[in-house]
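Source file: model-v2.cif (mmCIF, N, CA and C atoms)
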```
data_structure
loop_
_atom_site.group_PDB
_atom_site.id
_atom_site.type_symbol
_atom_site.label_atom_id
_atom_site.label_comp_id
_atom_site.auth_asym_id
_atom_site.auth_seq_id
_atom_site.Cartn_x
_atom_site.Cartn_y
_atom_site.Cartn_z
ATOM 1 N N MET A 22 89.508 167.843 75.729
ATOM 2 C CA MET A 22 88.788 167.070 74.726
ATOM 3 C C MET A 22 89.240 165.613 74.787
ATOM 4 N N SER A 23 88.345 164.730 74.384
ATOM 5 C CA SER A 23 88.674 163.316 74.416
ATOM 6 C C SER A 23 89.603 162.955 73.250
ATOM 7 N N GLU A 24 90.239 161.819 73.388
ATOM 8 C CA GLU A 24 91.161 161.353 72.359
ATOM 9 C C GLU A 24 90.439 161.106 71.039
ATOM 10 N N THR A 25 89.228 160.586 71.111
ATOM 11 C CA THR A 25 88.452 160.316 69.900
ATOM 12 C C THR A 25 88.150 161.598 69.139
ATOM 13 N N LEU A 26 87.805 162.638 69.866
ATOM 14 C CA LEU A 26 87.517 163.914 69.212
ATOM 15 C C LEU A 26 88.759 164.478 68.532
ATOM 16 N N TRP A 27 89.915 164.342 69.165
ATOM 17 C CA TRP A 27 91.163 164.813 68.553
ATOM 18 C C TRP A 27 91.465 164.026 67.266
ATOM 19 N N ILE A 28 91.189 162.752 67.278
ATOM 20 C CA ILE A 28 91.413 161.934 66.082
ATOM 21 C C ILE A 28 90.489 162.383 64.955
ATOM 22 N N ILE A 29 89.233 162.659 65.279
ATOM 23 C CA ILE A 29 88.278 163.122 64.267
ATOM 24 C C ILE A 29 88.701 164.473 63.707
ATOM 25 N N VAL A 30 89.075 165.395 64.592
ATOM 26 C CA VAL A 30 89.506 166.728 64.140
ATOM 27 C C VAL A 30 90.763 166.623 63.288
ATOM 28 N N GLY A 31 91.722 165.806 63.722
ATOM 29 C CA GLY A 31 92.955 165.629 62.951
ATOM 30 C C GLY A 31 92.691 165.010 61.588
ATOM 31 N N GLY A 32 91.826 164.007 61.551
ATOM 32 C CA GLY A 32 91.479 163.385 60.273
ATOM 33 C C GLY A 32 90.779 164.352 59.336
ATOM 34 N N ALA A 33 89.879 165.156 59.883
ATOM 35 C CA ALA A 33 89.180 166.152 59.061
ATOM 36 C C ALA A 33 90.155 167.184 58.518
ATOM 37 N N LEU A 34 91.073 167.631 59.352
ATOM 38 C CA LEU A 34 92.068 168.621 58.920
ATOM 39 C C LEU A 34 92.970 168.052 57.830
ATOM 40 N N MET A 35 93.435 166.833 58.013
ATOM 41 C CA MET A 35 94.307 166.219 57.009
ATOM 42 C C MET A 35 93.557 165.973 55.692
ATOM 43 N N THR A 36 92.293 165.590 55.777
ATOM 44 C CA THR A 36 91.495 165.405 54.568
ATOM 45 C C THR A 36 91.332 166.723 53.825
ATOM 46 N N TYR A 37 91.035 167.778 54.578
ATOM 47 C CA TYR A 37 90.881 169.101 53.964
ATOM 48 C C TYR A 37 92.186 169.547 53.305
ATOM 49 N N LEU A 38 93.306 169.384 53.995
ATOM 50 C CA LEU A 38 94.593 169.804 53.437
ATOM 51 C C LEU A 38 94.956 168.993 52.198
ATOM 52 N N ALA A 39 94.643 167.702 52.195
ATOM 53 C CA ALA A 39 94.927 166.881 51.018
ATOM 54 C C ALA A 39 94.096 167.332 49.823
ATOM 55 N N ARG A 40 92.838 167.651 50.064
ATOM 56 C CA ARG A 40 91.983 168.105 48.955
ATOM 57 C C ARG A 40 92.414 169.469 48.435
ATOM 58 N N VAL A 41 92.693 170.383 49.338
ATOM 59 C CA VAL A 41 93.126 171.723 48.921
ATOM 60 C C VAL A 41 94.474 171.642 48.222
ATOM 61 N N GLY A 42 95.379 170.825 48.758
ATOM 62 C CA GLY A 42 96.692 170.672 48.133
ATOM 63 C C GLY A 42 96.592 170.118 46.726
ATOM 64 N N GLY A 43 95.762 169.106 46.545
ATOM 65 C CA GLY A 43 95.576 168.559 45.204
ATOM 66 C C GLY A 43 94.994 169.577 44.242
ATOM 67 N N HIS A 44 94.042 170.353 44.728
ATOM 68 C CA HIS A 44 93.443 171.389 43.881
ATOM 69 C C HIS A 44 94.478 172.445 43.507
ATOM 70 N N LEU A 45 95.296 172.866 44.464
ATOM 71 C CA LEU A 45 96.309 173.880 44.185
ATOM 72 C C LEU A 45 97.347 173.379 43.186
ATOM 73 N N VAL A 46 97.753 172.132 43.312
ATOM 74 C CA VAL A 46 98.738 171.577 42.381
ATOM 75 C C VAL A 46 98.142 171.483 40.979
ATOM 76 N N LEU A 47 96.937 170.948 40.871
ATOM 77 C CA LEU A 47 96.338 170.783 39.542
ATOM 78 C C LEU A 47 95.921 172.107 38.911
ATOM 79 N N SER A 48 95.633 173.110 39.720
ATOM 80 C CA SER A 48 95.219 174.400 39.152
ATOM 81 C C SER A 48 96.384 175.131 38.494
ATOM 82 N N ARG A 49 97.602 174.719 38.748
ATOM 83 C CA ARG A 49 98.766 175.348 38.124
ATOM 84 C C ARG A 49 98.937 174.934 36.663
ATOM 85 N N PHE A 50 98.302 173.848 36.269
ATOM 86 C CA PHE A 50 98.443 173.348 34.905
ATOM 87 C C PHE A 50 97.267 173.813 34.065
ATOM 88 N N GLU A 51 97.563 174.212 32.821
ATOM 89 C CA GLU A 51 96.497 174.606 31.908
ATOM 90 C C GLU A 51 95.748 173.382 31.401
ATOM 91 N N ARG A 52 96.491 172.311 31.194
ATOM 92 C CA ARG A 52 95.901 171.093 30.636
ATOM 93 C C ARG A 52 96.488 169.903 31.384
ATOM 94 N N ILE A 53 95.630 168.961 31.730
ATOM 95 C CA ILE A 53 96.068 167.762 32.441
ATOM 96 C C ILE A 53 96.311 166.658 31.419
ATOM 97 N N HIS A 54 97.425 165.961 31.583
ATOM 98 C CA HIS A 54 97.765 164.860 30.681
ATOM 99 C C HIS A 54 96.675 163.787 30.779
ATOM 100 N N PRO A 55 96.316 163.160 29.650
ATOM 101 C CA PRO A 55 95.252 162.151 29.674
ATOM 102 C C PRO A 55 95.518 160.983 30.634
ATOM 103 N N ARG A 56 96.766 160.602 30.813
ATOM 104 C CA ARG A 56 97.073 159.516 31.745
ATOM 105 C C ARG A 56 96.811 159.936 33.191
ATOM 106 N N VAL A 57 97.144 161.172 33.519
ATOM 107 C CA VAL A 57 96.874 161.677 34.865
ATOM 108 C C VAL A 57 95.368 161.743 35.091
ATOM 109 N N GLU A 58 94.654 162.229 34.097
ATOM 110 C CA GLU A 58 93.201 162.310 34.214
ATOM 111 C C GLU A 58 92.571 160.929 34.369
ATOM 112 N N ALA A 59 93.077 159.946 33.634
ATOM 113 C CA ALA A 59 92.560 158.577 33.756
ATOM 114 C C ALA A 59 92.837 158.026 35.149
ATOM 115 N N GLY A 60 94.022 158.318 35.685
ATOM 116 C CA GLY A 60 94.343 157.882 37.041
ATOM 117 C C GLY A 60 93.448 158.517 38.075
ATOM 118 N N LEU A 61 93.182 159.806 37.934
ATOM 119 C CA LEU A 61 92.302 160.502 38.869
ATOM 120 C C LEU A 61 90.864 159.994 38.760
ATOM 121 N N ASN A 62 90.445 159.634 37.563
ATOM 122 C CA ASN A 62 89.099 159.093 37.393
ATOM 123 C C ASN A 62 88.957 157.704 38.009
ATOM 124 N N ALA A 63 90.066 156.992 38.187
ATOM 125 C CA ALA A 63 90.026 155.645 38.767
ATOM 126 C C ALA A 63 90.024 155.663 40.289
ATOM 127 N N VAL A 64 90.298 156.792 40.902
ATOM 128 C CA VAL A 64 90.399 156.859 42.367
ATOM 129 C C VAL A 64 89.093 156.472 43.066
ATOM 130 N N PRO A 65 87.922 156.959 42.676
ATOM 131 C CA PRO A 65 86.704 156.559 43.392
ATOM 132 C C PRO A 65 86.460 155.053 43.383
ATOM 133 N N ALA A 66 86.709 154.398 42.262
ATOM 134 C CA ALA A 66 86.527 152.950 42.205
ATOM 135 C C ALA A 66 87.529 152.235 43.106
ATOM 136 N N ALA A 67 88.754 152.746 43.174
ATOM 137 C CA ALA A 67 89.765 152.132 44.029
ATOM 138 C C ALA A 67 89.406 152.284 45.501
ATOM 139 N N VAL A 68 88.907 153.449 45.874
ATOM 140 C CA VAL A 68 88.517 153.673 47.272
ATOM 141 C C VAL A 68 87.328 152.790 47.629
ATOM 142 N N LEU A 69 86.365 152.697 46.750
ATOM 143 C CA LEU A 69 85.196 151.850 47.007
ATOM 144 C C LEU A 69 85.615 150.388 47.151
ATOM 145 N N THR A 70 86.559 149.963 46.339
ATOM 146 C CA THR A 70 87.046 148.585 46.430
ATOM 147 C C THR A 70 87.715 148.324 47.771
ATOM 148 N N THR A 71 88.490 149.280 48.266
ATOM 149 C CA THR A 71 89.151 149.075 49.563
ATOM 150 C C THR A 71 88.147 149.045 50.707
ATOM 151 N N LEU A 72 86.989 149.649 50.522
ATOM 152 C CA LEU A 72 85.964 149.601 51.560
ATOM 153 C C LEU A 72 85.147 148.314 51.501
ATOM 154 N N VAL A 73 84.915 147.800 50.307
ATOM 155 C CA VAL A 73 84.044 146.647 50.130
ATOM 156 C C VAL A 73 84.806 145.327 50.243
ATOM 157 N N ALA A 74 86.043 145.282 49.801
ATOM 158 C CA ALA A 74 86.794 144.025 49.760
ATOM 159 C C ALA A 74 86.917 143.335 51.116
ATOM 160 N N PRO A 75 87.239 144.040 52.209
ATOM 161 C CA PRO A 75 87.317 143.329 53.492
ATOM 162 C C PRO A 75 85.990 142.700 53.906
ATOM 163 N N ALA A 76 84.896 143.372 53.647
ATOM 164 C CA ALA A 76 83.587 142.803 53.978
ATOM 165 C C ALA A 76 83.298 141.579 53.113
ATOM 166 N N ALA A 77 83.723 141.619 51.879
ATOM 167 C CA ALA A 77 83.487 140.482 50.987
ATOM 168 C C ALA A 77 84.339 139.280 51.390
ATOM 169 N N MET A 78 85.549 139.524 51.844
ATOM 170 C CA MET A 78 86.450 138.427 52.196
ATOM 171 C C MET A 78 86.180 137.865 53.598
ATOM 172 N N ASN A 79 85.817 138.720 54.537
ATOM 173 C CA ASN A 79 85.678 138.307 55.932
ATOM 174 C C ASN A 79 84.246 138.305 56.438
ATOM 175 N N GLY A 80 83.313 138.713 55.606
ATOM 176 C CA GLY A 80 81.935 138.869 56.061
ATOM 177 C C GLY A 80 81.183 137.555 56.144
ATOM 178 N N GLY A 81 80.096 137.635 56.861
ATOM 179 C CA GLY A 81 79.206 136.491 56.985
ATOM 180 C C GLY A 81 78.049 136.609 56.012
ATOM 181 N N VAL A 82 76.962 135.978 56.372
ATOM 182 C CA VAL A 82 75.776 135.966 55.514
ATOM 183 C C VAL A 82 75.219 137.371 55.276
ATOM 184 N N PRO A 83 75.081 138.236 56.310
ATOM 185 C CA PRO A 83 74.520 139.566 56.048
ATOM 186 C C PRO A 83 75.359 140.382 55.063
ATOM 187 N N GLU A 84 76.683 140.331 55.223
ATOM 188 C CA GLU A 84 77.546 141.123 54.346
ATOM 189 C C GLU A 84 77.522 140.604 52.910
ATOM 190 N N LEU A 85 77.579 139.300 52.761
ATOM 191 C CA LEU A 85 77.572 138.738 51.404
ATOM 192 C C LEU A 85 76.222 138.933 50.718
ATOM 193 N N ALA A 86 75.133 138.806 51.468
ATOM 194 C CA ALA A 86 73.806 139.049 50.886
ATOM 195 C C ALA A 86 73.662 140.504 50.489
ATOM 196 N N SER A 87 74.158 141.399 51.315
ATOM 197 C CA SER A 87 74.102 142.824 51.008
ATOM 198 C C SER A 87 74.893 143.145 49.749
ATOM 199 N N LEU A 88 76.076 142.548 49.617
ATOM 200 C CA LEU A 88 76.867 142.758 48.400
ATOM 201 C C LEU A 88 76.154 142.221 47.167
ATOM 202 N N ALA A 89 75.507 141.075 47.307
ATOM 203 C CA ALA A 89 74.777 140.499 46.172
ATOM 204 C C ALA A 89 73.606 141.391 45.757
ATOM 205 N N VAL A 90 72.873 141.886 46.734
ATOM 206 C CA VAL A 90 71.743 142.769 46.423
ATOM 207 C C VAL A 90 72.237 144.072 45.811
ATOM 208 N N ALA A 91 73.278 144.659 46.396
ATOM 209 C CA ALA A 91 73.815 145.910 45.852
ATOM 210 C C ALA A 91 74.343 145.713 44.442
ATOM 211 N N GLY A 92 75.014 144.590 44.200
ATOM 212 C CA GLY A 92 75.492 144.308 42.847
ATOM 213 C C GLY A 92 74.359 144.138 41.855
ATOM 214 N N SER A 93 73.280 143.485 42.291
ATOM 215 C CA SER A 93 72.115 143.310 41.412
ATOM 216 C C SER A 93 71.464 144.643 41.089
ATOM 217 N N VAL A 94 71.328 145.484 42.088
ATOM 218 C CA VAL A 94 70.734 146.808 41.859
ATOM 219 C C VAL A 94 71.609 147.616 40.908
ATOM 220 N N ALA A 95 72.914 147.570 41.105
ATOM 221 C CA ALA A 95 73.817 148.310 40.219
ATOM 222 C C ALA A 95 73.747 147.777 38.791
ATOM 223 N N TRP A 96 73.621 146.468 38.657
ATOM 224 C CA TRP A 96 73.592 145.866 37.321
ATOM 225 C C TRP A 96 72.300 146.198 36.572
ATOM 226 N N PHE A 97 71.165 146.105 37.257
ATOM 227 C CA PHE A 97 69.891 146.284 36.572
ATOM 228 C C PHE A 97 69.423 147.729 36.500
ATOM 229 N N TRP A 98 69.720 148.543 37.514
ATOM 230 C CA TRP A 98 69.256 149.933 37.509
ATOM 231 C C TRP A 98 70.383 150.924 37.291
ATOM 232 N N GLY A 99 71.601 150.539 37.579
ATOM 233 C CA GLY A 99 72.761 151.351 37.224
ATOM 234 C C GLY A 99 73.048 152.578 38.052
ATOM 235 N N GLY A 100 72.217 152.909 39.011
ATOM 236 C CA GLY A 100 72.476 154.105 39.795
ATOM 237 C C GLY A 100 73.304 153.814 41.035
ATOM 238 N N MET A 101 74.196 154.723 41.365
ATOM 239 C CA MET A 101 75.039 154.537 42.547
ATOM 240 C C MET A 101 74.239 154.710 43.839
ATOM 241 N N MET A 102 73.388 155.717 43.893
ATOM 242 C CA MET A 102 72.651 155.971 45.128
ATOM 243 C C MET A 102 71.669 154.842 45.461
ATOM 244 N N PRO A 103 70.873 154.340 44.503
ATOM 245 C CA PRO A 103 70.026 153.188 44.841
ATOM 246 C C PRO A 103 70.840 151.973 45.282
ATOM 247 N N MET A 104 72.011 151.780 44.674
ATOM 248 C CA MET A 104 72.856 150.658 45.050
ATOM 249 C C MET A 104 73.301 150.782 46.507
ATOM 250 N N PHE A 105 73.789 151.951 46.901
ATOM 251 C CA PHE A 105 74.237 152.148 48.278
ATOM 252 C C PHE A 105 73.091 152.036 49.274
ATOM 253 N N LEU A 106 71.958 152.618 48.930
ATOM 254 C CA LEU A 106 70.821 152.600 49.856
ATOM 255 C C LEU A 106 70.268 151.197 50.051
ATOM 256 N N THR A 107 70.084 150.449 48.967
ATOM 257 C CA THR A 107 69.542 149.096 49.121
ATOM 258 C C THR A 107 70.553 148.162 49.780
ATOM 259 N N GLY A 108 71.816 148.281 49.415
ATOM 260 C CA GLY A 108 72.834 147.454 50.048
ATOM 261 C C GLY A 108 72.932 147.728 51.539
ATOM 262 N N GLY A 109 72.911 149.007 51.908
ATOM 263 C CA GLY A 109 72.958 149.365 53.326
ATOM 264 C C GLY A 109 71.724 148.913 54.078
ATOM 265 N N ALA A 110 70.563 149.042 53.450
ATOM 266 C CA ALA A 110 69.320 148.629 54.107
ATOM 267 C C ALA A 110 69.294 147.118 54.325
ATOM 268 N N VAL A 111 69.715 146.365 53.330
ATOM 269 C CA VAL A 111 69.751 144.909 53.476
ATOM 270 C C VAL A 111 70.734 144.512 54.571
ATOM 271 N N LEU A 112 71.877 145.164 54.610
ATOM 272 C CA LEU A 112 72.872 144.863 55.636
ATOM 273 C C LEU A 112 72.336 145.144 57.035
ATOM 274 N N ILE A 113 71.689 146.278 57.210
ATOM 275 C CA ILE A 113 71.140 146.638 58.526
ATOM 276 C C ILE A 113 70.062 145.644 58.955
ATOM 277 N N VAL A 114 69.153 145.335 58.043
ATOM 278 C CA VAL A 114 68.054 144.422 58.389
ATOM 279 C C VAL A 114 68.585 143.029 58.715
ATOM 280 N N LEU A 115 69.492 142.515 57.891
ATOM 281 C CA LEU A 115 69.992 141.166 58.142
ATOM 282 C C LEU A 115 70.856 141.095 59.400
ATOM 283 N N ARG A 116 71.627 142.123 59.667
ATOM 284 C CA ARG A 116 72.396 142.123 60.919
ATOM 285 C C ARG A 116 71.468 142.174 62.126
ATOM 286 N N HIS A 117 70.372 142.898 61.993
ATOM 287 C CA HIS A 117 69.402 142.961 63.097
ATOM 288 C C HIS A 117 68.707 141.615 63.286
ATOM 289 N N LEU A 118 68.299 140.994 62.180
ATOM 290 C CA LEU A 118 67.557 139.737 62.282
ATOM 291 C C LEU A 118 68.448 138.546 62.646
ATOM 292 N N LEU A 119 69.661 138.522 62.105
ATOM 293 C CA LEU A 119 70.530 137.369 62.339
ATOM 294 C C LEU A 119 71.483 137.553 63.521
ATOM 295 N N GLY A 120 71.513 138.762 64.055
ATOM 296 C CA GLY A 120 72.353 138.998 65.236
ATOM 297 C C GLY A 120 73.732 139.191 64.873
#
```
Using structure tokens, write down the structure that the file contains.
Amino acid sequence: MSETLWIIVGGALMTYLARVGGHLVLSRFERIHPRVEAGLNAVPAAVLTTLVAPAAMNGGVPELASLAVAGSVAWFWGGMMPMFLTGGAVLIVLRHLLG
């Protein structure tokens, strides 16, 4: 197998083990402390920020325009899926048109 395939398989395995491990640890508790629950609820926003921040800081016109459109969609319509779809579509189109 190629090195890339081994990296993908290893990453998938580690992701699965991390998710199962977290579930097993949390399933031992009858009740989760509110601070722990608040921290766990903040994880998706933190992950999204780590994905978007480099594009916002180092991106060109297509990336910044895509972020602006996605932010506008999120602000006015509030849905996560429309935000991702429109932001991704704008990014693809502008990268194609602007090279």
Could you state which residues are captured by the PyMOL selection byres ((chain A and resi 116-120) around 8) in this file, as a ChimeraX atom specification? /A:82-84,110-115
Okay, now the selection with N, CA and C atoms, as a PDB file, keeping the file's coordinate frame?
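Generated output (part-v9.pdb):
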```pdb
ATOM      1  N   VAL A  82      76.962 135.978  56.372  1.00  0.00           N
ATOM      2  CA  VAL A  82      75.776 135.966  55.514  1.00  0.00           C
ATOM      3  C   VAL A  82      75.219 137.371  55.276  1.00  0.00           C
ATOM      4  N   PRO A  83      75.081 138.236  56.310  1.00  0.00           N
ATOM      5  CA  PRO A  83      74.520 139.566  56.048  1.00  0.00           C
ATOM      6  C   PRO A  83      75.359 140.382  55.063  1.00  0.00           C
ATOM      7  N   GLU A  84      76.683 140.331  55.223  1.00  0.00           N
ATOM      8  CA  GLU A  84      77.546 141.123  54.346  1.00  0.00           C
ATOM      9  C   GLU A  84      77.522 140.604  52.910  1.00  0.00           C
ATOM     10  N   ALA A 110      70.563 149.042  53.450  1.00  0.00           N
ATOM     11  CA  ALA A 110      69.320 148.629  54.107  1.00  0.00           C
ATOM     12  C   ALA A 110      69.294 147.118  54.325  1.00  0.00           C
ATOM     13  N   VAL A 111      69.715 146.365  53.330  1.00  0.00           N
ATOM     14  CA  VAL A 111      69.751 144.909  53.476  1.00  0.00           C
ATOM     15  C   VAL A 111      70.734 144.512  54.571  1.00  0.00           C
ATOM     16  N   LEU A 112      71.877 145.164  54.610  1.00  0.00           N
ATOM     17  CA  LEU A 112      72.872 144.863  55.636  1.00  0.00           C
ATOM     18  C   LEU A 112      72.336 145.144  57.035  1.00  0.00           C
ATOM     19  N   ILE A 113      71.689 146.278  57.210  1.00  0.00           N
ATOM     20  CA  ILE A 113      71.140 146.638  58.526  1.00  0.00           C
ATOM     21  C   ILE A 113      70.062 145.644  58.955  1.00  0.00           C
ATOM     22  N   VAL A 114      69.153 145.335  58.043  1.00  0.00           N
ATOM     23  CA  VAL A 114      68.054 144.422  58.389  1.00  0.00           C
ATOM     24  C   VAL A 114      68.585 143.029  58.715  1.00  0.00           C
ATOM     25  N   LEU A 115      69.492 142.515  57.891  1.00  0.00           N
ATOM     26  CA  LEU A 115      69.992 141.166  58.142  1.00  0.00           C
ATOM     27  C   LEU A 115      70.856 141.095  59.400  1.00  0.00           C
TER      28      LEU A 115
END
```
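Atom CA of Ala91 of chain A lies 7.6 Å from atom N of Leu106 of chain A.
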Could you work out how far atom N of Gly109 of chain A lies from atom C of Ser93 of chain A, giving the answer in Å with one decimal? 11.8 Å
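Distances from A:Gly92, A:Gly32, A:Gly43, A:Gly100 to Val73 of chain A were compared using only C-alpha atoms, and the smallest one belongs to A:Gly92.
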Sel. of helix (DSSP H, G or I) residues, segment 42-81 of chain A, as a PyMOL selection string: chain A and resi 42-48+55-79
Separation of atom N of Leu61 of chain A and atom N of Leu47 of chain A, in Å? 12.1 Å
With distances taken over only C-alpha atoms, which of A:Leu88, A:Phe97, A:Ala63, A:Pro103 is nearest to Ala76 of chain A?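 Between A:Leu88, A:Phe97, A:Ala63, A:Pro103, the residue approaching Ala76 of chain A most closely is A:Leu88.
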